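Student: Take this structure, written in structure tokens, and hold onto it; I'll ask about it next.
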Amino acid sequence: MTDISPRTEPGDWATDQEVRWCPGCGDYSILTAMRMLMPELEVDRENTVFISGIGCAARFPYYMNTYGMHGIHGRAPAIATGLAMARPDLDIWVIGGDGDMMSIGGNHLIHALRRNVNINILLFNNMIYGLTKGQFSPTSEVGKVTKSSPMGSLDAPFNPMSVALGAEAAFVARTHDMDRHHMMEMFRRAHAHKGASIVEVFQNCNVFNDGAWEGITKKQNRDGNLISLEQGQPIRFGADGEFGVVVDNGAAKVVSVADVGVEALLVHDERKADPSTAFMLSRLSRGPFEPTPIGVFRAVERIEYATSSTSQLAMAHDNQGSGDLASLLRSRGTWQV
Amino acid sequence: MTDTAPRELPLQELDEVIIRFAGDSGDGMQLTGDQFTSISAALGNDLATLPEFPAEIRAPQGTLAGVSAFQVRISDFAITTPGDAPTVLVAMNPAALKAQLHNVVQGGAIIINTDAFNERNLEKAGYESNPLDDGSLEGYRIYPVPMSQITRDAVAEHGVKPRDAERSKNFFALGLISWMYTRPVEPTMEFINTKFRGKELVIKANEAAFHAGYNFGETAELFESHYEIKPASLPSGEYTNVNGNTALAWGCVAAGQLARLPVFLGSYPITPASDILHDLSALKNFGVRTFQAEDEIAAAASAVGAAFGGALSFTTTSGPGVALKGESLGLAVSLELPLVVIDIQRGGPSTGLPTKPEQADLMMAMYGRHSESPMPIVAPKSPADCFDAAIEACRIALRYRTPVMLLSDGYLATSSEPWLLPDVDSLPDIGVDFHTGFNGTNEDGEGIFLPYLRDPETLARPWAIPGTPDLMHRIGGIEKEDGSGNISYDPENHQKMVNLRAAKIEAIDVPDVEVAGDVDATFCMLGWGSTWGAIDAAVERLQKNGKKVAHVHLTHLNPLPKNLGDVLSTFDKVICPEMNDGQLVNLVRAKYLLDVRPVNKMNGVPFTTAEIESAALQAMEAS
Ligand SMILES: Cc1ncc(C[n+]2csc(CCOP(=O)(O)OP(=O)(O)O)c2C)c(N)n1
Ligand code: SF4
Ligand SMILES: [Mg+2]
């Protein structure tokens with residue numbers, strides 16, 4: 001602790017707009033985590049922008065006293081890419097739900113990740129379409145019964161972490177709405193990372209998919225089913241660290257530490273250039289009923305998109321000089337009449 | 001090569017010639033046409049060009065689908081079109097002859113590369129007998145020239161392999177035509193040396209081929225005379241030859257400078273718009289940032305994001321892309337941010353005719369978004385006019401904080417004309433100020449920012465960009481309360497906002513239309529976009545034949561000029577030639593209840609002057 005008080009307080013980041021999520025919605029705790037984190041980041045409100053698509057999650061920008069845009073369904077990563085290119089000086093957060101980001105906007109998400117645009121993407125995954133009142137989403141489990149799938153949905157779900165890793169994402173993390181401290185830590189890391197970062201937040205929609213994550217996020221289930229990834233540490237979990245993760249036959253697998261010994265456990269390395277191990281970890285759990293890793297899966301350095309774009313402009317400027325309109329109009333040859 | 005001494009041939013003066021170079025897409029016809037255009041421009045002729053590309057990149061060699069053509073019209077008087085029908089056709093192979101013959105005027109000259117008329121090529125072109133000797137070319141002046149053979153002989157001494165030698169035959173053709181129309185040799189030598197710098201053998205071969213063609217004309221006793229076309233009396237000044245897409249790209253850059261804003265382009269490749277993306281991508285030293293997005297949705301959305309950040313934002317595309325951009329444009333209408341959408345219209349629906357022009361996106365530009373989401377529309381009338389149209393679209397976008405649609409087409413995109421270069425210092429200042437301070441107070445008397453508090457004159461809302469202290473605000477697609485911009489589902493507020501958005505666009509300061517031709521005529525032609533050239537030329541012809549005709553041309557299609565209704569109602573008869581099924585006609589009829597008559601054409605080929613002339617005559621005669 002220093003004796004310099006932060007430039008802002010959490011309250012400074014709240015708008016005068018009434019928050020309109022359903023009482024008990026997981027989005028509230030995410031909002032609180034964000035407002036509490038902001039003063040710590042020592043950034044200015046006017047240089048911070050929240051961009052969202054459409055959905056319950058996407059209402060987020062209205063509640064942050066920063067610049068913000070509530071865009072159109074699925075397109076927030078594309079809107080943010082344009083903004084980040086035009087204004088590399090800004091701190092840009094992109095907020096969306098699992099439908100917004102993985103369904104209608106899936107294409108923009110993967111391209112923003114592969115380009116490594118300097119934006120922090122928060123994916124609020126409630127495994128349901130909240131705003132349109134409860135249809136299955138691309139992260140819902142097969143067989144999900146909803147109004148649009150009365151006999152159970154047929155669609156195999158996406159695993160957002162696997163998708164992100166497959167899309168060359170350089171910063172990939174996961175957290176959940178029941179742990180403010182962990183959320184703040186993941187958001188902080190995402191913010192510190194230069195380039196595209198994606199954080200999946202397990203979020204409870206208590207109206208249309210209540211308790212969907214309970215099997216792993218409820219207090220009594222966390223010890224047995226949440227695996228916190230710590231850089232440089234053997235991957236262990238359980239009340240007494242009695243379980244661990246090993247790589248076996250090309251896949252990550254849960255074992256009892258007593259059976260294999262600590263030395264056999266996989267030591268987590270988020271900085272590995274090769275994403276294969278991170279991908280294995282993303283495949284460890286098939287759903288919110290068995291041990292599931294949270295934390296930073298991957299954090300590697302890659303050249304950031306707008307930075308590259310800026311250096312091309314600088315290089316062109318150095319090589320060709322500052323653009324002169326009159327000479328441009330004459331660049332294809334002229335004649336005099 | 002013959003060793004006969006050069007003959008003294010008569011030199012005939014012509015006021016114009018329309019030449020069409022046609023060959024296989026690998027034959028270099030575009031390059032040949034371009035170079036002939038440049039030499040003629042330098043000689044002071046007025047000119048207009050019309051390139052024609054096959055839709056496929058590598059259509060099978062020698063087939064009709066693979067024919068690439070370039071039409072250039074040069075004249076000693078001012079012209080506005082590349083001409084209806086070529087008076088001279090250069091046909092490099094049977095397919096080119098077959099595909100182009102119907103275009104040539106009766107009695108026109110056809111210069112044929114006879115070496116390409118072998119059985120295989122004839123068959124590929126679908127000829128059952130050889131047109132060179134079956135009498136089917138009667139009525140034309142035929143000049144058979146063994147171009148391939150002479151080219152091979154001419155370049156052989158430079159050690160070029162016979163197979164490579166053939167590649168130079170387009171320079172043979174260029175040499176021959178340069179001789180026919182007394183064009184100087186030197187500029188083409190310079191061109192060859194610059195274009196093929198570092199490839200000594202290619203330079204030697206092309207030079208030799210060009211000279212062989214030139215000398216052939218002089219010595220071959222095939223031609224009765226050669227021709228001269230004197231310079232046109234154009235307004236004096238410095239000229240360049242420019243096509244529509246390049247003029248648009250330059251207009252975007254100019255607008256950035258005139259507005260003192262960095263230029264951002266979000267785009268996804270599509271014919272015939274890609275060249276604007278290419279041109280702008282090469283202008284990074286102007287601070288232009290181009291973003292090749294994953295699709296047109298992202299292209300438009302990124303442009304909205306960049307506009308929010310304070311850039312002068314563009315997105316370029318053709319019709320299918322505009323369809324994808326629709327939702328983002330609706331967002332831009334709702335956010336009231338400046339953005340220019342450039343649509344290079346092509347034949348449709350769906351993939352349609354990707355390389356051919358149409359003007360059938362007008363209704364989509366007007367109404368192609370859900371709900372009431374009005375967008376201003378600007379349309380250039382000629383290749384060079386694209387430059388001014390881009391600046392005008394930006395002026396409107398910035399002044400009124402609105403997305404603007406610029407409708408060009410595949411014809412303007414690739415055809416070119418001489419452009420009297422503007423003095424860049426005389427271009428309009430289109431800059432606007434970002435908003436930087438509070439514009440309201442709350443109940444406690446503290447300053448606040450109201451992002452939807454409008455300028456009383458323009459109804460534009462303040463443009464405050466991220467990074468501006470104290471003015472943090474949120475905007476979005478949900479209906480906003482007038483003034484505060486806060487979410488509002490209030491019915492009366494929505495009605496008010498719909499009205500305000502409409503009123504803002506309706507009140508845009510577009511200039512009044514002016515009547516060209518005979519102001520006191522009872523008959524008028526109404527047009528927009530690229531039909532301007534053909535209509536203008538038709539008016540001139542009709543006037544020469546003693547008819548009285550007025551011409552009203554629209555650059556602004558939304559809002560329409562304030563005086564348009566009054567102007568049109570002074571005529572007894574108005575026809576409207578359009579490359580669509582009557583879209584402007586419908587707009588004008590609906591708005592003014594005037595019986596404007598459609599003249600429509602949608603075969604992928606621009607109107608000829610003759611077509612418009614005869615449509616006008618017909619309409620004048622009909623009671
Ligand atoms: C183009 C378009 N299609 C459909 C919709 C309707 N829509 C709004 S939000 C939404 C899904 C929301 O689900 P999700 O992104 O998971 O967000 P959540 O509400 O669960 O936070 C849909 C289908 C829309 N607004 N726009
Ligand atoms: S519907 Fe679900 S996600 Fe949306 S606000 Fe209500 S609880 Fe939250
Ligand atoms: Mg959801």
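In the structure tokens, chains take the letters A, B, ... in the order shown, each chain's residues start at 1, and ligands count up from 1 in the order shown.
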Give the residues close to ligand 1, within 7 Å, counting only C-alpha atoms and all ligand atoms; write them as a list of chain:residue names.
Tutor: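 The distance check yields A:Ile54, A:Gly55, A:Cys56, A:Ala57, A:Ala58, A:Ile72, A:His73, A:Gly96, A:Gly97, A:Asp98, A:Gly99, A:Asp100, A:Met101, A:Phe124, A:Asn125, A:Asn126, A:Met127, A:Ile128, A:Tyr129, A:Gly130, A:Leu131, A:Thr132, A:Ser137.
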Student: Within stretch 3-152 of chain B, find each residue whose DSSP state, derived from the backbone, is strand (DSSP E or B), and express the selection as a ChimeraX atom specification.
Tutor: /B:11-14,16-24,46-52,67-75,88-91,109-113,141-145
Student: Residues of chain B within 7 Å of chain A, counting only C-alpha atoms - could you list those as a compact mmCIF listing (two decimals) with N, CA, C and O atoms, in the first residue's frame?
Tutor:
```
# COMPACT_ATOMS: atom_id res chain seq x y z
N ALA B 42 -1.26 13.26 -74.04
CA ALA B 42 -0.14 14.18 -74.10
C ALA B 42 -0.19 15.04 -75.36
O ALA B 42 0.29 16.16 -75.38
N GLY B 44 -2.82 16.28 -76.49
CA GLY B 44 -3.84 17.31 -76.29
C GLY B 44 -5.22 16.95 -76.80
O GLY B 44 -6.13 17.78 -76.81
N LEU B 234 -9.49 22.40 -75.11
CA LEU B 234 -9.96 22.20 -73.75
C LEU B 234 -9.54 23.41 -72.92
O LEU B 234 -8.59 24.10 -73.28
N SER B 236 -7.53 25.56 -70.55
CA SER B 236 -6.10 25.37 -70.35
C SER B 236 -5.81 25.03 -68.89
O SER B 236 -6.57 25.37 -67.98
N GLY B 237 -4.72 24.32 -68.72
CA GLY B 237 -4.33 23.92 -67.38
C GLY B 237 -3.61 22.58 -67.43
O GLY B 237 -3.32 22.06 -68.50
N GLU B 238 -3.39 22.02 -66.25
CA GLU B 238 -2.67 20.76 -66.16
C GLU B 238 -3.69 19.62 -66.05
O GLU B 238 -4.61 19.70 -65.23
N TYR B 239 -3.49 18.59 -66.85
CA TYR B 239 -4.45 17.49 -66.90
C TYR B 239 -3.79 16.18 -66.48
O TYR B 239 -2.60 15.98 -66.67
N THR B 240 -4.61 15.29 -65.94
CA THR B 240 -4.18 13.90 -65.79
C THR B 240 -5.33 13.04 -66.28
O THR B 240 -6.46 13.51 -66.41
N ALA B 254 -8.19 13.45 -50.10
CA ALA B 254 -8.35 14.90 -50.10
C ALA B 254 -9.31 15.32 -48.99
O ALA B 254 -9.04 16.26 -48.24
N PHE B 264 -9.83 6.50 -42.26
CA PHE B 264 -9.91 5.07 -41.97
C PHE B 264 -10.79 4.42 -43.02
O PHE B 264 -11.88 4.92 -43.34
N LYS B 284 -0.40 5.05 -47.38
CA LYS B 284 -0.18 5.11 -45.93
C LYS B 284 0.59 6.35 -45.52
O LYS B 284 0.47 6.81 -44.39
N ASN B 285 1.39 6.89 -46.43
CA ASN B 285 2.14 8.10 -46.05
C ASN B 285 1.22 9.32 -45.92
O ASN B 285 1.64 10.36 -45.45
N PHE B 286 -0.04 9.16 -46.31
CA PHE B 286 -1.03 10.20 -46.05
C PHE B 286 -1.73 9.95 -44.71
O PHE B 286 -2.74 10.59 -44.41
N GLY B 287 -1.25 8.97 -43.97
CA GLY B 287 -1.89 8.67 -42.70
C GLY B 287 -3.16 7.86 -42.87
O GLY B 287 -3.97 7.76 -41.95
N GLU B 294 -12.89 -9.19 -42.15
CA GLU B 294 -13.24 -10.58 -42.43
C GLU B 294 -14.51 -10.69 -43.29
O GLU B 294 -14.77 -11.73 -43.87
N ALA B 298 -18.12 -6.69 -40.82
CA ALA B 298 -17.03 -6.18 -40.00
C ALA B 298 -16.43 -4.91 -40.62
O ALA B 298 -16.01 -4.00 -39.91
N ALA B 301 -18.82 -2.23 -39.63
CA ALA B 301 -18.81 -2.06 -38.18
C ALA B 301 -17.50 -1.40 -37.73
O ALA B 301 -17.50 -0.52 -36.86
N SER B 302 -16.39 -1.80 -38.34
CA SER B 302 -15.11 -1.20 -37.95
C SER B 302 -15.10 0.29 -38.31
O SER B 302 -14.55 1.11 -37.58
N ALA B 303 -15.75 0.62 -39.43
CA ALA B 303 -15.81 2.03 -39.83
C ALA B 303 -16.64 2.84 -38.83
O ALA B 303 -16.32 3.99 -38.52
N VAL B 304 -17.70 2.21 -38.29
CA VAL B 304 -18.49 2.88 -37.26
C VAL B 304 -17.62 3.12 -36.01
O VAL B 304 -17.62 4.20 -35.43
N GLY B 305 -16.84 2.09 -35.66
CA GLY B 305 -15.95 2.22 -34.49
C GLY B 305 -14.93 3.33 -34.68
O GLY B 305 -14.68 4.14 -33.78
N ALA B 306 -14.35 3.38 -35.87
CA ALA B 306 -13.34 4.41 -36.14
C ALA B 306 -13.96 5.80 -36.13
O ALA B 306 -13.35 6.76 -35.67
N PHE B 308 -16.51 6.71 -34.35
CA PHE B 308 -16.72 7.02 -32.93
C PHE B 308 -15.43 7.60 -32.34
O PHE B 308 -15.46 8.50 -31.51
N GLY B 309 -14.31 7.07 -32.83
CA GLY B 309 -13.01 7.52 -32.33
C GLY B 309 -12.53 8.81 -32.96
O GLY B 309 -11.47 9.32 -32.60
N ALA B 311 -12.23 9.42 -36.53
CA ALA B 311 -11.61 9.33 -37.86
C ALA B 311 -12.63 9.71 -38.92
O ALA B 311 -13.84 9.67 -38.68
N VAL B 424 -5.34 22.58 -55.36
CA VAL B 424 -5.75 21.96 -54.09
C VAL B 424 -6.06 23.00 -53.02
O VAL B 424 -6.83 22.73 -52.09
N PRO B 466 -13.89 9.83 -27.62
CA PRO B 466 -13.20 9.30 -26.45
C PRO B 466 -11.86 9.99 -26.27
O PRO B 466 -11.18 10.30 -27.26
N GLY B 467 -11.51 10.23 -25.04
CA GLY B 467 -10.28 10.94 -24.75
C GLY B 467 -10.58 12.37 -24.33
O GLY B 467 -9.73 13.04 -23.75
N THR B 468 -11.82 12.84 -24.59
CA THR B 468 -12.19 14.19 -24.20
C THR B 468 -12.59 14.18 -22.72
O THR B 468 -13.56 13.51 -22.35
N PRO B 469 -11.88 14.92 -21.86
CA PRO B 469 -12.19 14.89 -20.43
C PRO B 469 -13.63 15.33 -20.17
O PRO B 469 -14.16 16.17 -20.91
N ASP B 470 -14.22 14.75 -19.18
CA ASP B 470 -15.56 15.12 -18.65
C ASP B 470 -16.74 14.75 -19.54
O ASP B 470 -17.88 14.78 -19.08
N MET B 472 -17.56 11.93 -20.95
CA MET B 472 -17.85 10.51 -21.09
C MET B 472 -19.36 10.34 -21.30
O MET B 472 -20.16 10.95 -20.62
N HIS B 473 -19.68 9.51 -22.28
CA HIS B 473 -21.10 9.25 -22.54
C HIS B 473 -21.22 7.93 -23.27
O HIS B 473 -20.26 7.42 -23.84
N ARG B 474 -22.40 7.37 -23.23
CA ARG B 474 -22.69 6.10 -23.88
C ARG B 474 -23.71 6.34 -24.99
O ARG B 474 -24.69 7.08 -24.78
N ILE B 475 -23.43 5.74 -26.15
CA ILE B 475 -24.43 5.80 -27.21
C ILE B 475 -24.72 4.38 -27.65
O ILE B 475 -23.91 3.47 -27.44
N GLY B 476 -25.86 4.21 -28.26
CA GLY B 476 -26.20 2.85 -28.67
C GLY B 476 -27.38 2.83 -29.60
O GLY B 476 -27.99 3.86 -29.90
N GLY B 477 -27.70 1.63 -30.04
CA GLY B 477 -28.77 1.49 -31.03
C GLY B 477 -30.16 1.58 -30.43
O GLY B 477 -31.14 1.78 -31.15
```
Student: Please provide as an MDAnalysis selection string all residues within 12 Å of B:Ser371, with the sequence filter that same-chain residues fewer than 4 positions apart are discarded (counting only C-alpha atoms).
Tutor: chainID B and resid 326:327 329:331 333:334 366:367 498 501:502
Student: Can you work out the spacing between atom CA of B:Met602 and atom CA of B:Ala622 in Å, to one decimal?
Tutor: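 Atom-to-atom, atom CA of B:Met602 and atom CA of B:Ala622 are spaced 23.4 Å apart.
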Student: Calculate how many Å separate atom CA of A:Val19 from atom CA of A:Ile294, rounding to one decimal.
Tutor: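 Distance between the two atoms: 27.9 Å.
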Student: 8 Å from ligand 2 is the threshold here; counting only C-alpha atoms and all ligand atoms, which polymer residues fall inside it? Answer as a list of chain:residue names.
Tutor: A:Arg20, A:Trp21, A:Cys22, A:Pro23, A:Gly24, A:Cys25, A:Gly26, A:Asp27, A:Gly55, A:Cys56, A:Ala57, A:Asn126, A:Tyr129, A:Gly130, A:Leu131, A:Lys133, A:Gly134, A:Gln203, A:Asn204, A:Cys205, A:Asn206, A:Val207, A:Phe208, A:Asn209
Student: Would you save the residues of that selection, restricted to C-alpha atoms, as a short mmCIF file (atom, residue, chain, number, x, y, z; two decimals), in the first residue's frame?
Tutor:
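Written out: result.cif:
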```
data_model
loop_
_atom_site.label_atom_id
_atom_site.label_comp_id
_atom_site.auth_asym_id
_atom_site.auth_seq_id
_atom_site.Cartn_x
_atom_site.Cartn_y
_atom_site.Cartn_z
CA ARG A 20 -31.78 -3.10 -15.25
CA TRP A 21 -30.62 -6.70 -14.97
CA CYS A 22 -32.93 -9.15 -13.16
CA PRO A 23 -32.37 -9.17 -9.44
CA GLY A 24 -29.83 -11.86 -8.64
CA CYS A 25 -28.29 -11.93 -12.10
CA GLY A 26 -24.61 -12.82 -12.20
CA ASP A 27 -23.94 -9.72 -14.29
CA GLY A 55 -27.88 -9.15 -25.07
CA CYS A 56 -28.26 -8.81 -21.33
CA ALA A 57 -24.48 -8.84 -20.95
CA ASN A 126 -24.53 -18.15 -19.10
CA TYR A 129 -29.87 -16.52 -24.66
CA GLY A 130 -30.97 -14.32 -21.80
CA LEU A 131 -32.36 -11.24 -23.48
CA LYS A 133 -35.91 -15.13 -23.04
CA GLY A 134 -34.21 -18.41 -22.88
CA GLN A 203 -22.19 -16.23 -15.33
CA ASN A 204 -25.45 -17.26 -13.77
CA CYS A 205 -28.69 -16.36 -15.49
CA ASN A 206 -30.98 -16.98 -12.59
CA VAL A 207 -34.08 -16.55 -14.73
CA PHE A 208 -33.46 -18.81 -17.71
CA ASN A 209 -30.61 -21.08 -16.73
#
```
Student: Find the residues near B:Ala300: any atom within 8 Å, counting only C-alpha atoms, skip ones fewer than 3 places away on the same chain, and give them as a PyMOL selection string.
Tutor: chain B and resi 266-267+296-297+303-304+315+325+328-329
Student: Fewer than 2 positions away in the same chain doesn't count, so skip those; otherwise give me all residues within 10 Å of A:Gly250, counting only C-alpha atoms, as an NGL selection string.
Tutor: :A and (246-248 or 252-253 or 276-277 or 280)
Student: Can I get the selected residues back with C-alpha atoms, as a PDB file, in the first residue's frame?
Tutor:
```
ATOM      1  CA  VAL A 246      -1.132 -34.993 -15.775  1.00  0.00           C
ATOM      2  CA  VAL A 247      -0.663 -35.336 -19.488  1.00  0.00           C
ATOM      3  CA  ASP A 248      -1.386 -38.850 -20.518  1.00  0.00           C
ATOM      4  CA  ALA A 252      -4.848 -33.811 -19.899  1.00  0.00           C
ATOM      5  CA  LYS A 253      -6.227 -36.086 -17.232  1.00  0.00           C
ATOM      6  CA  SER A 276      -1.158 -27.409 -27.391  1.00  0.00           C
ATOM      7  CA  THR A 277      -0.901 -27.857 -23.620  1.00  0.00           C
ATOM      8  CA  MET A 280      -5.404 -29.898 -23.630  1.00  0.00           C
TER       9      MET A 280
END
```
Student: I need the residue nearest ligand 3 from this list: A:Glu304, A:Glu200, A:Asp223, A:Asp269. Use only C-alpha atoms and all ligand atoms for the distance.
Tutor: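 For ligand 3, the nearest of the candidates is A:Glu200.
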Student: Please, what distance in Å, to one decimal, runs between atom CA of B:Asn45 and atom CA of B:Ala390?
Tutor: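 About the pair atom CA of B:Asn45 and atom CA of B:Ala390: they are 27.0 Å apart.
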Student: Neighbouring residues of stretch 113-130 of chain B were defined as those with any atom within 12 Å, considering only C-alpha atoms; residues of the same chain fewer than 5 positions away were excluded. Please report them as a VMD selection string.
Tutor: chain B and resid 21 to 24 27 60 to 67 89 to 100 135 to 137 142 to 152 166 169 to 170 172 to 173 176 213
Student: Could you list, as a VMD selection string, every residue within 8 Å of A:Val201, counting only C-alpha atoms and ignoring same-chain residues fewer than 4 positions away?
Tutor: chain A and resid 122 to 125 174 to 177 183
Student: Using DSSP secondary structure from the backbone, list all helix (DSSP H, G or I) positions within stretch 44-120 of chain A, as an MDAnalysis selection string.
Tutor: chainID A and resid 45:47 57:63 76:86 98:104 106:115
Student: Using only C-alpha atoms and all ligand atoms, which of A:Asp12, A:Ala190, A:Ala212, A:Glu18 sits nearest ligand 3?
Tutor: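 That would be A:Ala212, the residue with the smallest distance to ligand 3.
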Student: Using only C-alpha atoms and all ligand atoms for the distances, tell me which of A:Ile95, A:Ala264, A:Val142, A:Ala156 is nearest to ligand 3.
Tutor: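 Distance minimum relative to ligand 3 lands on A:Ile95.
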